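protein.cif (mmCIF, C-alpha atoms and all ligand atoms)
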```
data_data
#
loop_
_atom_site.label_atom_id
_atom_site.label_comp_id
_atom_site.auth_asym_id
_atom_site.auth_seq_id
_atom_site.Cartn_x
_atom_site.Cartn_y
_atom_site.Cartn_z
CA MET A 1 -132.53 -140.11 47.82
CA ILE A 2 -131.67 -137.53 50.49
CA THR A 3 -130.23 -134.19 49.36
CA ALA A 4 -128.85 -131.40 51.53
CA THR A 5 -127.28 -128.03 50.82
CA SER A 6 -124.78 -125.86 52.64
CA SER A 7 -122.20 -123.15 52.12
CA PRO A 8 -118.89 -122.30 53.81
CA ASN A 9 -118.42 -120.40 57.02
CA ILE A 10 -115.65 -117.96 57.86
CA ALA A 11 -114.17 -118.13 61.35
CA LEU A 12 -113.82 -114.98 63.43
CA ILE A 13 -112.20 -116.92 66.28
CA LYS A 14 -110.31 -119.73 64.61
CA TYR A 15 -110.26 -123.44 65.32
CA TRP A 16 -106.73 -124.80 65.11
CA GLY A 17 -105.65 -128.00 66.84
CA ASN A 18 -107.61 -130.82 68.43
CA ARG A 19 -107.84 -132.42 71.84
CA ASN A 20 -108.75 -135.62 69.96
CA ASP A 21 -107.73 -135.84 66.29
CA ALA A 22 -109.66 -139.03 65.47
CA LEU A 23 -112.96 -137.59 66.70
CA ARG A 24 -112.18 -134.03 65.59
CA LEU A 25 -112.75 -132.66 69.05
CA PRO A 26 -111.25 -129.16 68.97
CA ALA A 27 -108.72 -128.05 71.57
CA ALA A 28 -110.64 -124.78 72.04
CA ASP A 29 -113.92 -123.06 71.22
CA SER A 30 -114.32 -121.20 67.91
CA LEU A 31 -116.84 -118.87 66.29
CA SER A 32 -117.79 -118.12 62.71
CA MET A 33 -120.18 -116.43 60.35
CA VAL A 34 -122.06 -118.74 57.99
CA LEU A 35 -121.95 -117.51 54.38
CA ASP A 36 -124.75 -117.61 51.81
CA THR A 37 -122.60 -118.68 48.81
CA PRO A 38 -120.92 -120.54 47.11
CA THR A 39 -123.09 -123.57 47.72
CA VAL A 40 -122.53 -127.29 47.91
CA GLU A 41 -125.21 -129.95 47.43
CA ALA A 42 -124.77 -133.53 48.53
CA SER A 43 -127.09 -136.46 47.78
CA VAL A 44 -127.07 -139.80 49.55
CA GLU A 45 -128.47 -143.01 48.09
CA LEU A 46 -128.41 -146.53 49.44
CA SER A 47 -125.81 -148.72 47.76
CA ASP A 48 -123.94 -152.01 48.16
CA VAL A 49 -120.54 -150.32 48.10
CA PHE A 50 -119.40 -146.88 49.26
CA THR A 51 -118.93 -144.65 46.19
CA VAL A 52 -118.43 -140.93 45.62
CA GLN A 53 -119.09 -138.86 42.52
CA SER A 54 -118.17 -135.16 42.52
CA TYR A 55 -118.95 -132.33 40.15
CA ASP A 56 -117.72 -128.73 39.99
CA ALA A 57 -119.73 -125.55 39.44
CA ASN A 58 -119.97 -126.24 35.68
CA GLY A 59 -121.27 -129.78 36.19
CA THR A 60 -117.93 -131.26 35.11
CA GLU A 61 -117.03 -134.44 36.94
CA LYS A 62 -114.10 -133.89 39.34
CA PRO A 63 -113.06 -137.24 40.79
CA GLN A 64 -112.07 -137.09 44.47
CA THR A 65 -108.59 -138.19 45.46
CA GLU A 66 -108.20 -141.59 47.10
CA GLN A 67 -107.46 -139.77 50.36
CA SER A 68 -110.69 -137.73 50.15
CA VAL A 69 -112.78 -140.83 49.43
CA ALA A 70 -111.20 -142.56 52.45
CA ARG A 71 -112.01 -139.51 54.61
CA LEU A 72 -115.63 -139.49 53.41
CA ALA A 73 -115.98 -143.24 54.02
CA HIS A 74 -114.47 -142.90 57.50
CA HIS A 75 -116.86 -140.04 58.29
CA PHE A 76 -119.82 -142.23 57.29
CA THR A 77 -118.58 -144.95 59.68
CA LEU A 78 -118.13 -142.44 62.54
CA ALA A 79 -121.53 -140.89 61.83
CA LYS A 80 -123.20 -144.31 62.14
CA GLU A 81 -121.28 -144.99 65.34
CA TYR A 82 -122.60 -141.74 66.78
CA LEU A 83 -126.19 -142.47 65.69
CA VAL A 84 -125.94 -145.93 67.30
CA SER A 85 -124.67 -144.27 70.52
CA LEU A 86 -127.86 -142.14 70.49
CA GLY A 87 -129.98 -145.28 70.18
CA ARG A 88 -130.89 -144.22 66.61
CA GLY A 89 -129.05 -146.97 64.75
CA LYS A 90 -132.11 -148.95 63.56
CA ASN A 91 -132.02 -149.77 59.81
CA LEU A 92 -129.03 -147.57 59.01
CA PRO A 93 -127.65 -148.48 55.57
CA LYS A 94 -124.49 -150.55 55.39
CA ASN A 95 -123.25 -148.46 52.50
CA ILE A 96 -124.21 -145.44 50.45
CA SER A 97 -123.31 -143.67 47.28
CA LEU A 98 -122.62 -139.96 47.53
CA THR A 99 -122.99 -137.30 44.86
CA ILE A 100 -121.35 -133.98 45.70
CA ARG A 101 -121.87 -130.86 43.60
CA SER A 102 -119.65 -128.01 44.71
CA ALA A 103 -119.26 -124.47 43.44
CA ILE A 104 -116.23 -124.00 45.71
CA PRO A 105 -112.69 -124.49 44.42
CA PRO A 106 -111.19 -127.00 46.90
CA ALA A 107 -108.30 -126.43 49.30
CA ILE A 108 -107.72 -122.71 48.78
CA GLY A 109 -108.78 -121.32 52.15
CA ILE A 110 -112.52 -121.16 51.52
CA ALA A 111 -114.01 -123.73 53.82
CA SER A 112 -115.17 -126.27 51.24
CA SER A 113 -114.83 -129.08 53.77
CA ALA A 114 -117.16 -127.22 56.16
CA ALA A 115 -119.80 -126.98 53.43
CA VAL A 116 -119.40 -130.59 52.28
CA PHE A 117 -119.39 -132.22 55.71
CA SER A 118 -122.26 -130.09 56.99
CA CYS A 119 -124.33 -131.26 53.99
CA LEU A 120 -123.43 -134.80 54.96
CA GLY A 121 -124.29 -134.16 58.61
CA GLU A 122 -127.78 -133.10 57.50
CA ALA A 123 -128.16 -136.05 55.12
CA TYR A 124 -126.91 -138.69 57.60
CA GLY A 125 -129.21 -137.21 60.26
CA ALA A 126 -132.11 -137.85 57.87
CA LEU A 127 -131.25 -141.58 57.68
CA VAL A 128 -132.68 -142.23 61.14
CA GLU A 129 -136.23 -143.37 61.77
CA GLY A 130 -138.54 -141.46 64.10
CA ARG A 131 -138.05 -137.97 65.52
CA PRO A 132 -135.69 -135.66 63.62
CA LEU A 133 -132.30 -135.04 65.19
CA SER A 134 -131.73 -131.82 67.14
CA ARG A 135 -129.51 -129.09 65.67
CA GLU A 136 -126.81 -130.01 68.23
CA GLU A 137 -126.91 -133.63 67.07
CA VAL A 138 -126.60 -132.55 63.41
CA SER A 139 -123.68 -130.31 64.41
CA ILE A 140 -121.92 -133.32 65.96
CA LEU A 141 -122.50 -135.44 62.83
CA SER A 142 -121.00 -132.66 60.70
CA ARG A 143 -118.08 -132.04 63.09
CA LEU A 144 -117.03 -135.69 62.89
CA GLY A 145 -116.04 -135.01 59.25
CA SER A 146 -114.56 -131.52 59.62
CA GLY A 147 -114.35 -129.50 62.82
CA SER A 148 -115.46 -126.28 61.18
CA ALA A 149 -118.48 -128.04 59.59
CA GLY A 150 -119.93 -128.34 63.10
CA ARG A 151 -120.58 -124.58 62.94
CA ASN A 152 -123.02 -124.76 59.98
CA SER A 153 -125.99 -126.29 61.75
CA TYR A 154 -127.35 -122.82 62.54
CA GLY A 155 -127.44 -119.70 60.39
CA GLY A 156 -125.72 -116.39 61.15
CA PHE A 157 -123.06 -116.33 63.85
CA VAL A 158 -122.29 -119.69 65.37
CA ALA A 159 -119.87 -120.90 68.05
CA LEU A 160 -118.54 -124.42 68.42
CA ILE A 161 -118.31 -125.01 72.15
CA ASN A 162 -116.40 -127.72 74.00
CA HIS A 163 -118.27 -129.60 76.70
CA ALA A 164 -117.17 -132.54 78.86
CA ASP A 165 -115.66 -135.49 77.00
CA GLY A 166 -116.52 -138.11 74.38
CA MET A 167 -117.60 -138.14 70.77
CA ALA A 168 -120.53 -135.76 71.38
CA SER A 169 -118.68 -133.25 73.53
CA SER A 170 -118.31 -130.38 71.08
CA TYR A 171 -121.25 -128.85 69.26
CA ALA A 172 -122.71 -125.64 67.88
CA GLU A 173 -124.47 -122.85 69.67
CA GLN A 174 -126.09 -119.98 67.78
CA ILE A 175 -124.90 -116.55 68.94
CA ALA A 176 -127.19 -114.56 66.62
CA ASP A 177 -129.17 -115.47 63.52
CA GLU A 178 -128.52 -114.29 59.96
CA HIS A 179 -130.89 -111.30 60.28
CA HIS A 180 -129.17 -109.88 63.36
CA TRP A 181 -126.27 -108.18 61.55
CA PRO A 182 -125.98 -108.61 57.78
CA LEU A 183 -122.25 -108.47 57.07
CA HIS A 184 -120.57 -109.03 53.73
CA ASP A 185 -117.53 -111.19 53.06
CA ILE A 186 -115.69 -110.11 49.92
CA VAL A 187 -113.29 -112.95 49.25
CA ILE A 188 -110.08 -112.41 47.26
CA VAL A 189 -108.44 -115.62 46.04
CA PRO A 190 -104.91 -114.85 44.82
CA SER A 191 -104.17 -118.44 43.81
CA VAL A 192 -106.36 -121.42 42.97
CA LYS A 193 -103.41 -123.79 43.29
CA GLU A 194 -104.35 -126.49 45.80
CA LYS A 195 -102.39 -126.32 49.04
CA LYS A 196 -99.97 -129.15 49.78
CA VAL A 197 -100.86 -129.71 53.42
CA GLY A 198 -104.52 -129.74 54.39
CA SER A 199 -105.99 -128.77 57.73
CA THR A 200 -106.37 -132.38 58.98
CA GLU A 201 -102.58 -132.85 59.03
CA GLY A 202 -102.10 -129.28 60.20
CA HIS A 203 -104.37 -129.65 63.24
CA ALA A 204 -102.51 -132.81 64.26
CA ALA A 205 -99.20 -130.92 64.52
CA ALA A 206 -100.57 -127.68 66.06
CA ALA A 207 -99.41 -128.60 69.57
CA THR A 208 -95.77 -128.71 68.38
CA SER A 209 -95.82 -124.91 68.10
CA PRO A 210 -94.30 -123.18 71.15
CA LEU A 211 -97.13 -120.62 70.79
CA PHE A 212 -99.98 -123.15 70.97
CA ALA A 213 -100.45 -123.26 74.75
CA GLU A 214 -100.51 -119.48 74.95
CA ARG A 215 -103.11 -119.39 72.18
CA LEU A 216 -105.36 -121.80 74.09
CA ARG A 217 -105.11 -119.56 77.16
CA ALA A 218 -106.08 -116.48 75.12
CA ILE A 219 -109.15 -117.93 73.41
CA PRO A 220 -111.77 -117.83 76.22
CA LYS A 221 -111.38 -114.04 76.60
CA ARG A 222 -111.43 -113.55 72.82
CA MET A 223 -114.60 -115.63 72.54
CA ARG A 224 -116.29 -113.40 75.14
CA GLU A 225 -115.16 -110.25 73.32
CA CYS A 226 -116.24 -111.55 69.94
CA ILE A 227 -119.68 -112.59 71.23
CA SER A 228 -120.14 -109.21 72.87
CA ALA A 229 -119.06 -107.37 69.67
CA LEU A 230 -121.53 -109.41 67.63
CA ARG A 231 -124.41 -108.96 70.07
CA THR A 232 -123.88 -105.17 70.21
CA ARG A 233 -122.94 -104.89 66.51
CA ASP A 234 -119.66 -103.19 67.47
CA PHE A 235 -117.60 -103.44 64.27
CA GLU A 236 -114.39 -102.00 65.66
CA LYS A 237 -114.38 -104.42 68.58
CA LEU A 238 -115.04 -107.31 66.17
CA GLN A 239 -112.21 -106.16 63.93
CA VAL A 240 -109.64 -105.93 66.70
CA VAL A 241 -110.39 -109.32 68.24
CA SER A 242 -110.81 -111.29 65.01
CA GLU A 243 -107.69 -109.90 63.31
CA GLU A 244 -105.63 -110.57 66.44
CA ASP A 245 -106.92 -114.14 66.53
CA ALA A 246 -106.40 -114.90 62.82
CA LEU A 247 -102.87 -113.53 62.73
CA GLU A 248 -102.02 -115.45 65.88
CA MET A 249 -103.34 -118.69 64.36
CA HIS A 250 -101.02 -118.13 61.39
CA ARG A 251 -98.07 -117.57 63.76
CA VAL A 252 -98.91 -120.93 65.37
CA MET A 253 -99.09 -122.59 61.92
CA GLU A 254 -95.78 -121.05 60.88
CA SER A 255 -94.02 -122.17 64.08
CA GLN A 256 -95.34 -125.73 64.27
CA ASN A 257 -93.30 -128.73 63.15
CA PRO A 258 -93.29 -129.06 60.16
CA PRO A 259 -94.12 -125.36 59.65
CA LEU A 260 -97.11 -124.39 57.54
CA GLN A 261 -96.88 -121.22 55.50
CA TYR A 262 -100.35 -120.60 54.13
CA LEU A 263 -100.07 -116.83 53.61
CA SER A 264 -98.25 -115.63 50.49
CA ASP A 265 -96.57 -112.35 49.53
CA GLU A 266 -99.80 -111.52 47.70
CA THR A 267 -101.78 -112.03 50.91
CA HIS A 268 -99.50 -109.64 52.79
CA ARG A 269 -99.67 -107.05 50.02
CA ILE A 270 -103.50 -107.17 50.06
CA LEU A 271 -103.57 -106.84 53.87
CA LYS A 272 -101.30 -103.80 53.80
CA GLU A 273 -103.35 -102.09 51.08
CA ILE A 274 -106.72 -102.73 52.73
CA GLU A 275 -105.38 -101.45 56.07
CA GLY A 276 -104.31 -98.23 54.28
CA LEU A 277 -107.69 -97.88 52.59
CA ARG A 278 -109.52 -98.59 55.87
CA LYS A 279 -107.66 -95.74 57.51
CA SER A 280 -108.03 -93.22 54.70
CA GLU A 281 -111.69 -94.00 53.93
CA LYS A 282 -112.75 -94.86 57.52
CA LEU A 283 -114.08 -98.24 56.38
CA ASN A 284 -115.77 -100.83 58.54
CA VAL A 285 -113.76 -103.73 57.16
CA LEU A 286 -111.72 -106.52 58.76
CA HIS A 287 -109.45 -109.11 57.21
CA THR A 288 -109.10 -112.77 58.04
CA MET A 289 -107.48 -115.82 56.42
CA ASP A 290 -108.00 -119.56 56.92
CA ALA A 291 -105.66 -122.32 55.72
CA GLY A 292 -104.68 -120.66 52.46
CA PRO A 293 -103.58 -117.34 50.91
CA THR A 294 -107.22 -116.28 50.38
CA VAL A 295 -108.16 -112.99 52.06
CA HIS A 296 -111.67 -112.57 53.46
CA LEU A 297 -112.70 -108.92 53.77
CA ILE A 298 -115.65 -108.85 56.13
CA CYS A 299 -117.41 -105.53 55.98
CA ALA A 300 -120.52 -103.68 57.04
CA GLU A 301 -123.15 -102.42 54.57
CA ASP A 302 -121.73 -98.86 54.63
CA SER A 303 -118.33 -100.09 53.36
CA VAL A 304 -119.20 -102.88 50.95
CA GLN A 305 -119.08 -100.80 47.78
CA THR A 306 -115.56 -99.47 48.37
CA VAL A 307 -114.33 -102.89 49.53
CA THR A 308 -115.82 -104.57 46.43
CA GLU A 309 -114.16 -102.01 44.15
CA PHE A 310 -110.86 -102.66 45.92
CA ALA A 311 -111.29 -106.43 45.43
CA GLU A 312 -112.25 -106.10 41.78
CA ALA A 313 -109.15 -104.00 41.11
CA GLN A 314 -106.86 -106.88 42.19
CA LYS A 315 -105.12 -108.44 39.19
CA ASN A 316 -105.23 -112.22 38.56
CA CYS A 317 -107.48 -112.87 41.56
CA LEU A 318 -110.75 -114.74 41.79
CA ILE A 319 -113.42 -112.79 43.72
CA PHE A 320 -116.42 -114.15 45.63
CA LYS A 321 -119.07 -111.82 47.03
CA THR A 322 -120.88 -113.41 49.93
CA LYS A 323 -122.77 -112.37 53.04
CA THR A 324 -124.22 -113.74 56.26
CA GLY A 325 -126.18 -116.86 55.40
CA LYS A 326 -128.47 -119.65 56.56
CA SER A 327 -127.66 -122.99 58.13
CA SER A 328 -127.02 -126.23 56.29
CA ARG A 329 -130.36 -127.86 55.52
CA LEU A 330 -132.16 -130.68 53.78
CA ILE A 331 -133.65 -130.06 50.36
CA THR A 332 -135.28 -133.48 49.92
CA SER A 333 -135.49 -136.51 52.17
O1 LIG B 1 -112.54 -127.95 59.68
P1 LIG B 1 -111.15 -128.01 59.23
O2 LIG B 1 -110.46 -129.25 59.66
O3 LIG B 1 -111.03 -127.77 57.74
O4 LIG B 1 -110.34 -126.83 59.93
C1 LIG B 1 -110.59 -125.48 59.67
C2 LIG B 1 -109.49 -124.64 60.16
C3 LIG B 1 -109.53 -123.18 59.76
O5 LIG B 1 -110.30 -122.98 58.60
C4 LIG B 1 -108.10 -122.75 59.48
C5 LIG B 1 -110.07 -122.31 60.88
C6 LIG B 1 -111.56 -122.37 61.15
O6 LIG B 1 -111.93 -122.23 62.31
O7 LIG B 1 -112.35 -122.51 60.20
#
```
Structure encoded using structure tokens:
Amino acid sequence: MITATSSPNIALIKYWGNRNDALRLPAADSLSMVLDTPTVEASVELSDVFTVQSYDANGTEKPQTEQSVARLAHHFTLAKEYLVSLGRGKNLPKNISLTIRSAIPPAIGIASSAAVFSCLGEAYGALVEGRPLSREEVSILSRLGSGSAGRNSYGGFVALINHADGMASSYAEQIADEHHWPLHDIVIVPSVKEKKVGSTEGHAAAATSPLFAERLRAIPKRMRECISALRTRDFEKLQVVSEEDALEMHRVMESQNPPLQYLSDETHRILKEIEGLRKSEKLNVLHTMDAGPTVHLICAEDSVQTVTEFAEAQKNCLIFKTKTGKSSRLITS
């Protein structure tokens, strides 16, 4: 049995839209911070038929939807195709049975798919005989299941960079490791109701937004600014560029066809209040949201206490306290 572990990442420059949906090749580069919790563990065993068993944080079985099982099975097929293309296809199993244990509520804007598919990238990489795969190769295996999962194959701050063309043409690059700049992510979840439209369908319609082309033109400069802010630990610069990028991604989502409205009134209320507090208390905090109403408050050490108190004062919200974390990795193989 092969077991791997991983946790979500939170994007500072967001990935939205693909140049190839089937291979999850992003339309643009993206960059995120890997988080240390909540964790996911995935185990892979050889089997005659493809099966999936899933458990939540309490160990209660949570059966996957038919659609999720099909996505996991398709990812396994793509992963084998990629390994064969590397000349590493010898003795790969025809089928497997997967056990996924996740402490992350699904589909609420905390990247559970990034954590799950990066675990699987690690585990499938361990199916090959001979030399271990490189971190880039593991990133590609993970990305084939979920674009953002491709950013978990290193710890700390990780970019997913587009290269030429083909299945292997987008993979991770580490910008700085998890010790470079320990930042906190205080996550406020206003609703644990699962979203109706997931990111796979959302990416596929991104190009229908009249704002999409402009977004693609803006990203290279934002990537440079974000990398420079991270390397120099310039919080204000990081705040300006990442908030601009996240809010623009949501404008693209809201103007695509059909439109996707992931942010709720609660999200907007929280944003307004944290912006007020940031100003009055001179906090090093930035906000960002993925495909859900969940607000991520990324903050420096000097501001974490006030930001945590703010989060804990929110009524009817689930709170996660996380910080810069390590890469996805194998536990047993
Ligand atoms: O990896 P996916 O297909 O779940 O897409 C993730 C998209 C966002 O979370 C909205 C942005 C990002 O870069 O993580």
Å distance separating CA of Cys226 in chain A from atom C1 of ligand LIG 1 (chain B), one decimal place: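 Going from CA of Cys226 in chain A over to atom C1 of ligand LIG 1 (chain B) covers 18.2 Å.
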Among listed residues A:Leu216, A:Glu254, A:Glu275, A:Pro26, nearest Gln239 in chain A (using all atoms listed in the file): A:Glu275
Computed interatomic separation between CA of Ala57 in chain A and CA of Trp16 in chain A (Å): 28.8 Å
Counting only C-alpha atoms, the option among A:Leu144, A:Thr99, A:Pro38, A:Leu92 closest to Arg71 in chain A: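 So, comparing all the options, the nearest one is A:Leu144.
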Could you give me, as a tab-separated table, every chain A residue with an atom at most 6 Å from ligand LIG 1 (chain B), plus its closest atom pair and distance in Å to one decimal, counting all atoms listed in the file, rows ordered by chain then number?
```
residue	atom	partner	partner_atom	distance
A:Ala11	CA	B:LIG1	O6	4.8
A:Lys14	CA	B:LIG1	O6	3.8
A:Tyr15	CA	B:LIG1	O6	3.6
A:Trp16	CA	B:LIG1	C2	5.7
A:Ser113	CA	B:LIG1	O3	5.6
A:Ala114	CA	B:LIG1	O1	5.9
A:Ser146	CA	B:LIG1	O1	4.1
A:Gly147	CA	B:LIG1	O1	3.9
A:Ser148	CA	B:LIG1	O1	3.7
A:Ala149	CA	B:LIG1	O1	5.9
A:Ser199	CA	B:LIG1	O2	4.9
A:Thr200	CA	B:LIG1	O2	5.2
A:Asp290	CA	B:LIG1	C4	4.1
A:Ala291	CA	B:LIG1	C4	4.5
```
If you take all atoms listed in the file and a cut-off of 12 Å, which residues of range 194-289 of chain A touch range 156-176 of chain A, and what are their nearest atom pairs and distances in Å to one decimal, in chain and number order, as CSV?
```
residue,atom,partner,partner_atom,distance
A:Ile219,CA,A:Ile161,CA,11.6
A:Pro220,CA,A:Ile161,CA,10.5
A:Met223,CA,A:Ala159,CA,8.7
A:Arg224,CA,A:Ala159,CA,10.9
A:Cys226,CA,A:Ile175,CA,10.0
A:Ile227,CA,A:Ile175,CA,6.9
A:Ser228,CA,A:Ile175,CA,9.6
A:Ala229,CA,A:Ile175,CA,10.9
A:Leu230,CA,A:Ala176,CA,7.7
A:Arg231,CA,A:Ala176,CA,7.1
A:Thr232,CA,A:Ala176,CA,10.6
A:Arg233,CA,A:Ala176,CA,10.6
```
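Considering the residues A:Gly17, A:Gly130, A:Gly155, A:Gly121 and counting only C-alpha atoms, Asp36 in chain A has its shortest atom-to-atom contact with A:Gly155.
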Thr39 in chain A surroundings by only C-alpha atoms, 7 Å radius, close-in-sequence under 2 positions cut, as a PDB file with C-alpha atoms, in the coordinates of the input:
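Below is the file around_26.pdb, written as the result:
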```
ATOM      1  CA  THR A   5    -127.280-128.030  50.820  1.00  0.00           C
ATOM      2  CA  SER A   6    -124.780-125.860  52.640  1.00  0.00           C
ATOM      3  CA  SER A   7    -122.200-123.150  52.120  1.00  0.00           C
ATOM      4  CA  THR A  37    -122.600-118.680  48.810  1.00  0.00           C
ATOM      5  CA  GLU A  41    -125.210-129.950  47.430  1.00  0.00           C
ATOM      6  CA  SER A 102    -119.650-128.010  44.710  1.00  0.00           C
ATOM      7  CA  ALA A 103    -119.260-124.470  43.440  1.00  0.00           C
TER       8      ALA A 103
END
```
Using the atoms already present, construct all heavy atoms for range 6-14 of chain A and hand them back as a PDB file, keeping the file's coordinate frame.
```pdb
ATOM      1  N   SER A   6    -125.493-126.665  51.642  1.00  0.00           N
ATOM      2  CA  SER A   6    -124.780-125.860  52.640  1.00  0.00           C
ATOM      3  C   SER A   6    -123.826-124.931  51.922  1.00  0.00           C
ATOM      4  O   SER A   6    -123.665-125.001  50.701  1.00  0.00           O
ATOM      5  CB  SER A   6    -124.023-126.785  53.598  1.00  0.00           C
ATOM      6  OG  SER A   6    -123.547-126.044  54.705  1.00  0.00           O
ATOM      7  N   SER A   7    -123.205-124.058  52.684  1.00  0.00           N
ATOM      8  CA  SER A   7    -122.200-123.150  52.120  1.00  0.00           C
ATOM      9  C   SER A   7    -121.076-123.042  53.165  1.00  0.00           C
ATOM     10  O   SER A   7    -121.215-123.550  54.272  1.00  0.00           O
ATOM     11  CB  SER A   7    -122.835-121.810  51.799  1.00  0.00           C
ATOM     12  OG  SER A   7    -123.796-121.493  52.743  1.00  0.00           O
ATOM     13  N   PRO A   8    -119.989-122.366  52.825  1.00  0.00           N
ATOM     14  CA  PRO A   8    -118.890-122.300  53.810  1.00  0.00           C
ATOM     15  C   PRO A   8    -119.225-121.392  54.985  1.00  0.00           C
ATOM     16  O   PRO A   8    -120.238-120.689  54.987  1.00  0.00           O
ATOM     17  CB  PRO A   8    -117.746-121.680  53.000  1.00  0.00           C
ATOM     18  CG  PRO A   8    -118.161-121.737  51.585  1.00  0.00           C
ATOM     19  CD  PRO A   8    -119.645-121.738  51.558  1.00  0.00           C
ATOM     20  N   ASN A   9    -118.365-121.425  55.970  1.00  0.00           N
ATOM     21  CA  ASN A   9    -118.420-120.400  57.020  1.00  0.00           C
ATOM     22  C   ASN A   9    -117.031-119.793  57.120  1.00  0.00           C
ATOM     23  O   ASN A   9    -116.058-120.390  56.674  1.00  0.00           O
ATOM     24  CB  ASN A   9    -118.904-120.987  58.352  1.00  0.00           C
ATOM     25  CG  ASN A   9    -117.944-122.003  58.936  1.00  0.00           C
ATOM     26  OD1 ASN A   9    -116.803-121.684  59.291  1.00  0.00           O
ATOM     27  ND2 ASN A   9    -118.382-123.261  59.042  1.00  0.00           N
ATOM     28  N   ILE A  10    -116.970-118.577  57.669  1.00  0.00           N
ATOM     29  CA  ILE A  10    -115.650-117.960  57.860  1.00  0.00           C
ATOM     30  C   ILE A  10    -115.467-117.698  59.367  1.00  0.00           C
ATOM     31  O   ILE A  10    -116.300-117.039  59.987  1.00  0.00           O
ATOM     32  CB  ILE A  10    -115.477-116.662  57.009  1.00  0.00           C
ATOM     33  CG1 ILE A  10    -114.112-116.024  57.294  1.00  0.00           C
ATOM     34  CG2 ILE A  10    -116.596-115.651  57.190  1.00  0.00           C
ATOM     35  CD1 ILE A  10    -112.916-116.858  56.861  1.00  0.00           C
ATOM     36  N   ALA A  11    -114.381-118.228  59.895  1.00  0.00           N
ATOM     37  CA  ALA A  11    -114.170-118.130  61.350  1.00  0.00           C
ATOM     38  C   ALA A  11    -113.682-116.747  61.745  1.00  0.00           C
ATOM     39  O   ALA A  11    -112.816-116.157  61.087  1.00  0.00           O
ATOM     40  CB  ALA A  11    -113.170-119.188  61.787  1.00  0.00           C
ATOM     41  N   LEU A  12    -114.253-116.244  62.824  1.00  0.00           N
ATOM     42  CA  LEU A  12    -113.820-114.980  63.430  1.00  0.00           C
ATOM     43  C   LEU A  12    -112.879-115.272  64.599  1.00  0.00           C
ATOM     44  O   LEU A  12    -111.958-114.514  64.877  1.00  0.00           O
ATOM     45  CB  LEU A  12    -115.045-114.190  63.888  1.00  0.00           C
ATOM     46  CG  LEU A  12    -115.968-113.766  62.738  1.00  0.00           C
ATOM     47  CD1 LEU A  12    -117.355-113.403  63.230  1.00  0.00           C
ATOM     48  CD2 LEU A  12    -115.349-112.606  61.960  1.00  0.00           C
ATOM     49  N   ILE A  13    -113.147-116.357  65.303  1.00  0.00           N
ATOM     50  CA  ILE A  13    -112.200-116.920  66.280  1.00  0.00           C
ATOM     51  C   ILE A  13    -111.911-118.317  65.746  1.00  0.00           C
ATOM     52  O   ILE A  13    -112.813-119.147  65.623  1.00  0.00           O
ATOM     53  CB  ILE A  13    -112.802-116.990  67.705  1.00  0.00           C
ATOM     54  CG1 ILE A  13    -113.257-115.609  68.186  1.00  0.00           C
ATOM     55  CG2 ILE A  13    -111.804-117.626  68.697  1.00  0.00           C
ATOM     56  CD1 ILE A  13    -112.166-114.572  68.373  1.00  0.00           C
ATOM     57  N   LYS A  14    -110.650-118.549  65.402  1.00  0.00           N
ATOM     58  CA  LYS A  14    -110.310-119.730  64.610  1.00  0.00           C
ATOM     59  C   LYS A  14    -110.156-121.000  65.433  1.00  0.00           C
ATOM     60  O   LYS A  14    -109.699-120.957  66.586  1.00  0.00           O
ATOM     61  CB  LYS A  14    -108.967-119.498  63.886  1.00  0.00           C
ATOM     62  CG  LYS A  14    -108.879-118.226  63.083  1.00  0.00           C
ATOM     63  CD  LYS A  14    -109.685-118.302  61.811  1.00  0.00           C
ATOM     64  CE  LYS A  14    -109.462-117.061  60.956  1.00  0.00           C
ATOM     65  NZ  LYS A  14    -110.350-117.043  59.785  1.00  0.00           N
TER      66      LYS A  14
END
```
